[in-house]
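Next comes input24.txt, a file with compact mmCIF, C-alpha atoms.
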# COMPACT_ATOMS: atom_id res chain seq x y z
CA MET A 26 52.07 -2.08 0.53
CA ARG A 27 48.64 -0.72 -0.27
CA PHE A 28 47.53 -4.17 -1.40
CA LEU A 29 48.74 -5.64 1.84
CA ALA A 30 46.78 -3.02 3.79
CA LEU A 31 43.65 -3.81 1.81
CA PHE A 32 44.18 -7.51 2.34
CA ILE A 33 44.48 -7.00 6.08
CA ILE A 34 41.32 -4.88 6.09
CA PHE A 35 39.59 -7.68 4.20
CA LEU A 36 40.73 -10.19 6.79
CA LEU A 37 39.52 -7.99 9.61
CA PHE A 38 36.20 -6.99 8.07
CA PRO A 39 35.14 -9.75 5.70
CA TRP A 40 31.52 -8.49 5.75
CA GLU A 41 32.62 -5.36 3.92
CA SER A 42 33.15 -7.42 0.79
CA GLY A 43 29.68 -8.83 0.31
CA PHE A 44 29.58 -11.44 3.03
CA SER A 45 26.26 -10.14 4.27
CA GLN A 46 24.56 -9.46 0.98
CA ILE A 47 21.20 -8.96 2.61
CA SER A 48 22.21 -5.85 4.49
CA ASN A 49 24.41 -4.47 1.73
CA ALA A 50 22.19 -5.12 -1.25
CA ARG A 51 18.70 -4.69 0.10
CA ARG A 52 16.10 -4.16 -2.56
CA SER A 53 12.50 -3.10 -2.23
CA GLY A 54 9.79 -5.25 -3.78
CA TYR A 55 9.49 -2.36 -6.23
CA ASP A 56 12.77 -3.39 -7.87
CA PHE A 57 11.39 -6.85 -8.61
CA MET A 58 8.27 -5.56 -10.37
CA SER A 59 7.60 -5.17 -14.09
CA ARG A 60 8.12 -1.76 -15.68
CA GLU A 61 4.35 -1.38 -16.08
CA THR A 62 3.60 -2.02 -12.41
CA ARG A 63 6.37 0.37 -11.36
CA ALA A 64 4.88 3.05 -13.62
CA MET A 65 1.50 2.46 -11.97
CA GLN A 66 2.97 3.03 -8.51
CA ASP A 67 4.95 6.10 -9.55
CA ASP A 68 1.97 7.97 -10.97
CA ASP A 69 -0.53 9.12 -8.35
CA GLY A 70 -3.12 9.50 -11.10
CA ALA A 71 -2.83 5.79 -11.97
CA ASN A 72 -2.01 4.29 -8.56
CA PRO A 73 -5.30 2.97 -7.14
CA GLY A 74 -3.79 3.34 -3.66
CA THR A 75 -4.27 7.07 -4.09
CA LEU A 76 -8.03 6.51 -3.91
CA GLY A 77 -7.52 5.06 -0.43
CA VAL A 78 -5.29 7.98 0.56
CA LEU A 79 -7.99 10.44 -0.52
CA ASP A 80 -10.61 8.51 1.45
CA GLY A 81 -8.27 8.66 4.44
CA GLU A 82 -7.87 12.40 4.07
CA ALA A 83 -11.66 12.79 4.23
CA LEU A 84 -11.87 10.51 7.29
CA TRP A 85 -9.08 12.48 9.00
CA LYS A 86 -11.35 15.52 9.01
CA LYS A 87 -14.57 13.69 9.92
CA LYS A 88 -15.88 14.00 13.49
CA GLU A 89 -16.34 10.57 15.08
CA GLY A 90 -17.50 8.95 18.30
CA ALA A 91 -19.06 10.22 21.50
CA ALA A 92 -16.35 12.88 21.82
CA GLU A 93 -17.38 14.37 18.45
CA LYS A 94 -13.76 14.82 17.52
CA ALA A 95 -11.94 14.40 14.24
CA CYS A 96 -8.31 13.26 14.01
CA ALA A 97 -7.58 16.77 12.74
CA ASP A 98 -8.99 18.37 15.92
CA CYS A 99 -6.04 17.03 17.93
CA HIS A 100 -3.37 16.34 15.30
CA GLY A 101 -4.10 19.26 12.97
CA ASP A 102 -2.64 19.13 9.50
CA ALA A 103 -1.55 15.54 8.87
CA THR A 104 0.93 16.61 6.21
CA LYS A 105 2.93 18.14 9.05
CA SER A 106 1.95 16.23 12.21
CA MET A 107 2.07 12.75 10.66
CA LYS A 108 5.29 13.26 8.72
CA GLY A 109 7.67 10.41 9.55
CA VAL A 110 5.24 8.71 11.94
CA ALA A 111 4.56 5.58 9.86
CA ALA A 112 8.31 5.22 9.29
CA ARG A 113 8.82 4.41 12.96
CA TYR A 114 5.96 1.92 13.49
CA PRO A 115 5.41 -0.69 14.92
CA ALA A 116 6.54 0.98 18.15
CA VAL A 117 6.25 0.12 21.80
CA ALA A 118 3.12 1.71 23.23
CA PRO A 119 3.30 4.40 25.93
CA ASP A 120 2.45 1.77 28.57
CA LYS A 121 5.72 0.08 27.54
CA LYS A 122 4.27 -3.42 27.42
CA SER A 123 4.24 -4.48 23.82
CA PRO A 124 4.58 -3.02 20.34
CA VAL A 125 1.57 -1.79 18.36
CA ASN A 126 1.36 -1.28 14.63
CA ILE A 127 -0.04 1.81 12.98
CA GLU A 128 -3.54 0.34 12.58
CA GLN A 129 -3.65 -0.46 16.30
CA ARG A 130 -2.36 3.01 17.12
CA ILE A 131 -5.15 4.59 15.06
CA ASN A 132 -7.72 2.40 16.81
CA ALA A 133 -6.29 3.25 20.25
CA CYS A 134 -6.78 6.92 19.40
CA ARG A 135 -10.34 6.22 18.27
CA VAL A 136 -11.21 4.44 21.51
CA ASP A 137 -9.37 6.74 23.94
CA HIS A 138 -9.86 10.16 22.39
CA GLN A 139 -12.77 9.96 19.95
CA ARG A 140 -14.60 7.45 22.15
CA ALA A 141 -15.64 5.55 19.06
CA GLU A 142 -15.71 1.85 18.20
CA PRO A 143 -12.38 0.54 16.89
CA LEU A 144 -12.41 -0.05 13.14
CA PRO A 145 -12.20 -3.72 12.10
CA TYR A 146 -8.88 -4.90 10.66
CA GLU A 147 -8.77 -4.72 6.85
CA SER A 148 -11.89 -2.55 6.78
CA ARG A 149 -11.90 0.05 4.05
CA ASP A 150 -11.84 2.93 6.54
CA LEU A 151 -8.93 1.62 8.61
CA LEU A 152 -6.88 0.92 5.48
CA ALA A 153 -7.71 4.37 4.14
CA LEU A 154 -6.60 6.13 7.33
CA THR A 155 -3.46 4.00 7.51
CA ALA A 156 -2.66 4.78 3.88
CA TYR A 157 -3.20 8.50 4.49
CA VAL A 158 -0.95 8.53 7.56
CA GLY A 159 1.58 6.33 5.75
CA GLN A 160 1.75 8.54 2.70
CA GLN A 161 2.94 11.44 4.85
CA SER A 162 6.21 9.52 5.32
CA ARG A 163 6.68 8.70 1.65
CA GLY A 164 10.31 9.03 0.63
CA MET A 165 11.52 9.10 4.24
CA PRO A 166 13.79 6.37 5.64
CA ILE A 167 12.31 3.71 7.92
CA THR A 168 13.57 4.51 11.40
CA ILE A 169 12.78 1.57 13.66
CA SER A 170 15.27 1.70 16.49
CA GLY A 171 16.65 -1.44 18.08
CA ASN A 172 16.57 0.15 21.53
CA ASP A 173 16.08 -1.75 24.76
CA GLN A 174 12.31 -1.30 24.70
CA THR A 175 11.87 -2.90 21.28
CA LYS A 176 14.85 -5.25 21.27
CA ARG A 177 13.19 -8.32 22.68
CA PHE A 178 10.22 -7.96 20.33
CA VAL A 179 12.53 -7.57 17.34
CA GLU A 180 14.30 -10.73 18.55
CA ALA A 181 10.98 -12.57 18.87
CA GLY A 182 10.10 -11.51 15.31
CA ARG A 183 13.48 -12.60 14.04
CA GLU A 184 13.07 -15.95 15.71
CA ALA A 185 9.69 -16.40 13.98
CA PHE A 186 11.23 -15.39 10.64
CA MET A 187 14.04 -17.94 10.95
CA ARG A 188 11.91 -20.78 12.40
CA ARG A 189 10.85 -23.65 10.17
CA GLN A 190 7.13 -24.12 10.62
CA GLY A 191 3.96 -25.52 9.10
CA GLN A 192 3.19 -28.74 7.27
CA ILE A 193 5.90 -28.17 4.69
CA ASN A 194 8.47 -27.24 7.34
CA LEU A 195 9.48 -23.98 5.71
CA SER A 196 10.83 -20.75 7.20
CA CYS A 197 10.38 -17.20 5.92
CA LYS A 198 14.17 -17.03 5.60
CA GLN A 199 14.37 -19.92 3.15
CA CYS A 200 12.53 -17.90 0.53
CA HIS A 201 13.24 -14.28 1.37
CA ASP A 202 16.88 -14.47 2.55
CA ASP A 203 18.13 -17.50 0.64
CA ASN A 204 16.25 -17.26 -2.66
CA PRO A 205 15.08 -13.72 -3.44
CA GLY A 206 14.80 -12.92 -7.13
CA LYS A 207 13.94 -16.53 -8.00
CA HIS A 208 10.41 -17.66 -8.76
CA LEU A 209 7.77 -19.33 -6.64
CA ALA A 210 5.33 -20.55 -9.28
CA GLY A 211 4.83 -17.47 -11.48
CA SER A 212 5.76 -14.89 -8.85
CA VAL A 213 9.16 -13.38 -8.14
CA ILE A 214 10.27 -13.84 -4.53
CA PRO A 215 11.12 -10.42 -3.07
CA GLN A 216 13.40 -9.81 -0.08
CA ALA A 217 10.43 -9.11 2.22
CA HIS A 218 11.04 -5.47 3.02
CA PRO A 219 7.67 -3.96 3.96
CA THR A 220 8.38 -0.52 2.53
CA GLY A 221 5.00 0.39 1.07
CA TYR A 222 2.17 -0.83 3.31
CA PRO A 223 -0.74 -0.63 3.09
CA ILE A 224 -0.23 -1.75 -0.50
CA TYR A 225 -2.58 -1.89 -3.45
CA ARG A 226 -2.07 -5.49 -4.50
CA LEU A 227 -3.26 -6.28 -8.01
CA GLU A 228 -4.09 -9.83 -6.95
CA TRP A 229 -6.33 -8.48 -4.19
CA GLN A 230 -7.86 -5.73 -6.31
CA SER A 231 -7.78 -3.59 -3.18
CA LEU A 232 -5.61 -2.08 -0.48
CA GLY A 233 -4.38 -4.48 2.16
CA SER A 234 -2.19 -4.42 5.25
CA LEU A 235 1.14 -6.08 5.95
CA GLN A 236 -0.63 -8.50 8.28
CA ARG A 237 -2.91 -9.61 5.47
CA ARG A 238 0.19 -10.25 3.39
CA LEU A 239 1.89 -12.16 6.21
CA ARG A 240 -1.19 -14.31 6.72
CA ASN A 241 -1.14 -15.04 2.97
CA CYS A 242 2.43 -16.31 3.21
CA LEU A 243 1.79 -18.25 6.41
CA SER A 244 -1.24 -19.97 4.94
CA GLY A 245 0.87 -20.90 1.87
CA MET A 246 3.37 -22.42 4.29
CA ARG A 247 0.44 -24.35 5.82
CA THR A 248 1.03 -23.09 9.32
CA GLU A 249 -1.54 -22.22 11.93
CA VAL A 250 -2.24 -18.67 10.81
CA PRO A 251 -2.41 -16.12 13.67
CA GLU A 252 -5.41 -13.79 13.94
CA LEU A 253 -5.14 -10.25 12.54
CA GLY A 254 -3.68 -8.00 15.23
CA SER A 255 -2.15 -10.84 17.22
CA PRO A 256 1.17 -10.16 19.01
CA GLU A 257 3.00 -12.74 16.85
CA LEU A 258 2.15 -10.83 13.69
CA VAL A 259 3.04 -7.45 15.21
CA GLU A 260 6.43 -8.83 16.28
CA LEU A 261 7.05 -10.16 12.79
CA GLU A 262 6.03 -6.78 11.37
CA LEU A 263 8.42 -5.07 13.77
CA TYR A 264 11.30 -7.36 12.81
CA LEU A 265 10.67 -6.83 9.09
CA MET A 266 10.53 -3.05 9.50
CA TRP A 267 13.68 -3.14 11.64
CA ARG A 268 15.35 -5.23 8.94
CA ALA A 269 14.29 -2.63 6.35
CA ARG A 270 15.46 0.34 8.41
CA GLY A 271 16.97 3.09 6.30
CA MET A 272 14.98 2.04 3.20
CA LYS A 273 12.50 4.55 1.88
CA VAL A 274 8.77 4.44 2.63
CA GLU A 275 6.72 4.01 -0.57
CA THR A 276 3.17 4.06 0.82
CA PRO A 277 0.84 3.53 -0.97
CA ALA A 278 2.86 1.01 -3.00
CA VAL A 279 1.50 -1.16 -5.80
CA ARG A 280 2.47 -4.83 -5.85
CA PRO A 281 1.55 -7.59 -8.33
CA MET B 22 -16.97 6.27 -1.18
CA ALA B 23 -17.62 7.20 -4.76
CA ARG B 24 -14.51 8.94 -5.86
CA ALA B 25 -12.61 9.57 -9.08
CA ILE B 26 -9.23 11.01 -9.95
CA ILE B 27 -8.87 12.83 -13.27
CA ARG B 28 -5.61 14.06 -14.74
CA MET B 29 -5.60 16.39 -17.73
CA PRO B 30 -3.92 19.67 -18.61
CA ALA B 31 -5.76 22.80 -17.42
CA GLN B 32 -4.45 24.69 -20.40
CA ALA B 33 -3.67 23.66 -23.97
CA LYS B 34 -2.95 25.17 -27.39
CA ARG B 35 -5.74 25.10 -29.95
CA GLY B 36 -5.49 21.92 -31.99
CA GLU B 37 -3.15 20.25 -29.51
CA ILE B 38 -3.72 16.59 -28.71
CA ILE B 39 -4.17 16.21 -24.96
CA GLU B 40 -4.30 13.08 -22.85
CA ILE B 41 -7.08 12.59 -20.32
CA ARG B 42 -6.63 9.94 -17.63
CA THR B 43 -9.37 8.83 -15.26
CA LEU B 44 -9.33 6.50 -12.29
CA ALA B 45 -12.68 5.65 -10.68
CA SER B 46 -13.02 4.06 -7.26
CA HIS B 47 -15.16 0.93 -7.63
CA PRO B 48 -14.85 -2.71 -6.46
CA MET B 49 -16.14 -4.14 -9.81
CA GLU B 50 -17.68 -7.21 -8.20
CA THR B 51 -18.11 -9.67 -11.08
CA GLY B 52 -21.24 -11.51 -9.96
CA PHE B 53 -19.46 -14.84 -10.52
CA ARG B 54 -17.90 -15.17 -7.08
CA ARG B 55 -19.44 -17.00 -4.18
CA THR B 56 -19.21 -16.60 -0.42
CA GLU B 57 -17.76 -19.33 1.80
CA ARG B 58 -21.33 -20.60 2.25
CA GLY B 59 -21.89 -20.86 -1.49
CA ALA B 60 -24.21 -17.89 -1.99
CA THR B 61 -23.56 -15.86 -5.11
CA ILE B 62 -22.17 -12.38 -4.49
CA PRO B 63 -24.38 -10.17 -6.67
CA ARG B 64 -22.83 -8.29 -9.55
CA ASP B 65 -21.85 -4.70 -8.76
CA ILE B 66 -19.96 -3.02 -11.58
CA ILE B 67 -19.69 0.24 -13.47
CA THR B 68 -21.48 -0.37 -16.77
CA HIS B 69 -21.03 2.89 -18.62
CA PHE B 70 -18.55 5.73 -18.88
CA VAL B 71 -19.05 8.83 -20.97
CA CYS B 72 -17.02 11.99 -21.46
CA THR B 73 -18.45 15.16 -22.98
CA TYR B 74 -16.59 18.28 -24.12
CA ASN B 75 -18.85 21.34 -23.92
CA GLY B 76 -21.84 19.01 -24.25
CA THR B 77 -20.51 16.96 -27.17
CA GLU B 78 -19.73 13.32 -26.50
CA ILE B 79 -16.06 12.69 -27.28
CA PHE B 80 -15.54 9.30 -25.66
CA SER B 81 -17.63 6.56 -24.15
CA ALA B 82 -17.12 3.01 -22.99
CA GLU B 83 -19.22 0.03 -21.97
CA LEU B 84 -17.74 -1.86 -19.03
CA TYR B 85 -18.16 -5.57 -18.28
CA PRO B 86 -17.40 -7.92 -15.37
CA ALA B 87 -13.89 -8.72 -16.67
CA ILE B 88 -12.73 -5.14 -16.03
CA ALA B 89 -10.51 -4.86 -12.95
CA ALA B 90 -11.47 -2.95 -9.82
CA ASN B 91 -10.94 0.82 -9.92
CA PRO B 92 -11.18 1.14 -13.72
CA PHE B 93 -8.43 3.28 -15.23
CA ILE B 94 -9.61 4.77 -18.52
CA THR B 95 -7.32 6.97 -20.54
CA PHE B 96 -7.86 8.53 -23.96
CA PRO B 97 -6.63 11.41 -26.11
CA THR B 98 -8.68 14.27 -27.51
CA VAL B 99 -8.04 17.46 -29.47
CA ALA B 100 -8.25 20.72 -27.53
CA THR B 101 -10.68 22.68 -29.69
CA GLU B 102 -12.11 25.39 -27.42
CA SER B 103 -12.15 26.58 -23.83
CA GLY B 104 -14.88 25.14 -21.68
CA THR B 105 -15.85 22.21 -19.52
CA ILE B 106 -15.07 18.55 -19.88
CA GLU B 107 -17.55 16.38 -18.03
CA PHE B 108 -17.09 12.76 -16.95
CA ARG B 109 -19.94 10.43 -15.99
CA TRP B 110 -19.72 6.91 -14.64
CA SER B 111 -22.86 4.88 -14.06
CA GLY B 112 -23.51 1.31 -13.00
CA ASP B 113 -25.27 -1.25 -10.86
CA ASN B 114 -27.11 -0.33 -7.66
CA GLY B 115 -27.68 3.24 -8.79
CA TYR B 116 -23.96 4.03 -8.97
CA ALA B 117 -23.54 7.45 -10.58
CA VAL B 118 -20.58 9.80 -10.34
CA THR B 119 -20.12 13.02 -12.26
CA GLU B 120 -16.99 15.15 -12.31
CA SER B 121 -16.18 18.13 -14.46
CA LEU B 122 -13.00 20.07 -15.14
CA LYS B 123 -12.34 23.36 -16.91
CA ILE B 124 -9.94 23.65 -19.80
CA THR B 125 -8.53 26.87 -21.21
CA VAL B 126 -7.54 26.74 -24.87
CA VAL B 127 -5.20 29.48 -26.04

Can you give me the file's structure in the form of structure tokens?
Amino acid sequence: MRFLALFIIFLLFPWESGFSQISNARRSGYDFMSRETRAMQDDDGANPGTLGVLDGEALWKKKEGAAEKACADCHGDATKSMKGVAARYPAVAPDKKSPVNIEQRINACRVDHQRAEPLPYESRDLLALTAYVGQQSRGMPITISGNDQTKRFVEAGREAFMRRQGQINLSCKQCHDDNPGKHLAGSVIPQAHPTGYPIYRLEWQSLGSLQRRLRNCLSGMRTEVPELGSPELVELELYLMWRARGMKVETPAVRP
Amino acid sequence: MARAIIRMPAQAKRGEIIEIRTLASHPMETGFRRTERGATIPRDIITHFVCTYNGTEIFSAELYPAIAANPFITFPTVATESGTIEFRWSGDNGYAVTESLKITVV
């Protein structure tokens, strides 16, 4: 009788038994790394991303722009005020038009409240501030909500993820959903969960953003690579974060 | 920003072997790379690291272009007496960083 009940449950809910392996067995890029690289990430004294976090902490307290204000003058102690913030970005901006990522949010604050020039994408200072804000959410679950405001942007990102594109007619899905754990040349293909950005990538020898990573992949796929900060990339970021919701933030992560 | 992270015990027993771990913030530009226009990017590396324990040199290293960015140097020493352990990095373009930490030996 019990077997029959289980069988009926299986018929009703086939996804419970591993049909959707992606959502049931999601793994961070961390799990695909060598023991040595994992050790490097785990130890703040060895993780070079920590240097960026410390730079960010100094910038947080530095007065900037015509308003002569530091981030700390409005937001106070980042360890309290920024806790969990990076875990819910990209988010739809207060004007409710389109999503912004954390770098863009920092720059909006610089322009509106500090009355300073926005920091260039991938500049040392912007990465440092992003890493500092991101680290405050370390260990917390990613909490992107699929609410009505973000839904259509998540959908747009998903569409881009699934779409075959570029000269070799490849989609993100073909590697990251269909073949994670296998190798692309010498590198292991992860499941593309952006849990630790900005990351210290050993190949880059520096911190870098998720958009830099996405552009890397897109250029490998020989597509037309969107500019840093473009809506297409933010939507893709949003979809990937939504897809990784519930996974723990690792910022600043180390990746090979 | 010239910055370094040092991890070592603040207190140790006399004669105990302690581990000192240092991470210096530096791009370690090799001098072999070129820009998109073909101009050589000049070398910018840390060339020398030295650690002194109450003024006595206990460890030093010469660094070369093959060393990765943000050099991570770790070494053991014997805790002999209370005092100051000083760390100095120097390199191209006048790069010089000094940090010092106190150790109590009981």

Could you tell me which residues of chain B sit within 12 Å of chain A when counting all atoms listed in the file, and give me the result as a list in words? Met22, Ala23, Arg24, Ala25, Ile26, Ile27, Arg28, Met29, Ile41, Arg42, Thr43, Leu44, Ala45, Ser46, His47, Pro48, Met49, Glu50, Thr51, Ile88, Ala89, Ala90, Asn91, Pro92, Phe93, Ile94 and Thr95 of chain B

| Could you name the residues that touch Phe108 (chain B) at 8 Å or less, counting all atoms listed in the file, but leaving out those on the same chain fewer than 3 positions away, as a list in words? |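 Contacts, in chain order: Phe70, Val71, Cys72, Thr73, Thr119, Glu120 and Ser121 of chain B.
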
Residues of the last selection are to be written out with C-alpha atoms, as a CSV table (one decimal), in the coordinates of the input.
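The file below, selection.csv, is the result:
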chain,number,residue,atom,x,y,z
B,70,PHE,CA,-18.6,5.7,-18.9
B,71,VAL,CA,-19.0,8.8,-21.0
B,72,CYS,CA,-17.0,12.0,-21.5
B,73,THR,CA,-18.4,15.2,-23.0
B,119,THR,CA,-20.1,13.0,-12.3
B,120,GLU,CA,-17.0,15.2,-12.3
B,121,SER,CA,-16.2,18.1,-14.5

Review point. Do you have the CA of Glu142 (chain A)-CA of Ala118 (chain A) distance handy?
Key: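 Interatomic distance, CA of Glu142 (chain A) to CA of Ala118 (chain A): 19.5 Å.
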
- In Å, rounded to a single decimal, give me how far CA of Glu228 (chain A) is from CA of Asp68 (chain A).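 Those two atoms sit 19.2 Å apart.
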
From CA of Glu89 (chain A) to CA of Cys134 (chain A) the spacing works out at 11.1 Å

Shortest interatomic distance to Thr77 (chain B) - which of B:Asp65, B:Glu57, B:Glu37, B:Glu102, counting only C-alpha atoms: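 Going through B:Asp65, B:Glu57, B:Glu37, B:Glu102 one by one, the smallest distance to Thr77 (chain B) is for B:Glu102.
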
Test item: residues at most 12 Å from Ser170 (chain A), all atoms listed in the file, excluding those fewer than 4 positions along its chain, as JSON, numbers by chain
{"A": [112, 113, 114, 115, 116, 117, 166, 174, 175, 176, 177, 178, 179, 263, 264, 266, 267, 268, 269, 270, 271]}

Using only C-alpha atoms, the best pick from B:Gln32, B:Asn114, B:Thr105, B:Thr125 as closest to Tyr74 (chain B) would be B:Thr105

So which residues touch Lys105 (chain A) within 12 Å, counting only C-alpha atoms, skipping near sequence neighbours fewer than 3 positions away, as a PyMOL selection string? chain A and resi 97+100-102+108-110+158+160-162

message = Can you pull out the residues contacting Tyr55 (chain A)? Cut-off 10 Å, using all atoms listed in the file, and skip same-chain residues under 5 positions away; I want them as a ChimeraX atom specification.
response = /A:60,62-63,66,215,218,220-221,275,278-281

Using all atoms listed in the file, the best pick from B:Gly112, B:Ala60, B:Ala117, B:Val99 as closest to Glu83 (chain B) would be B:Gly112

*Using only C-alpha atoms, pick whichever of A:Ala91, A:Ile167, A:Val274, A:Cys197 has the shortest atom-to-atom distance to Tyr222 (chain A).*
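Residue with the minimum atom-to-atom distance to Tyr222 (chain A): A:Val274.
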
Tell me which protein, DNA and RNA residues are within 9 Å of Lys123 (chain B), counting only C-alpha atoms, leaving out same-chain ones fewer than 3 positions away, and put them as a list of chain:residue names.
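Returned residues: B:Ala31, B:Gln32, B:Ser103, B:Gly104, B:Thr105, B:Ile106, B:Glu107.
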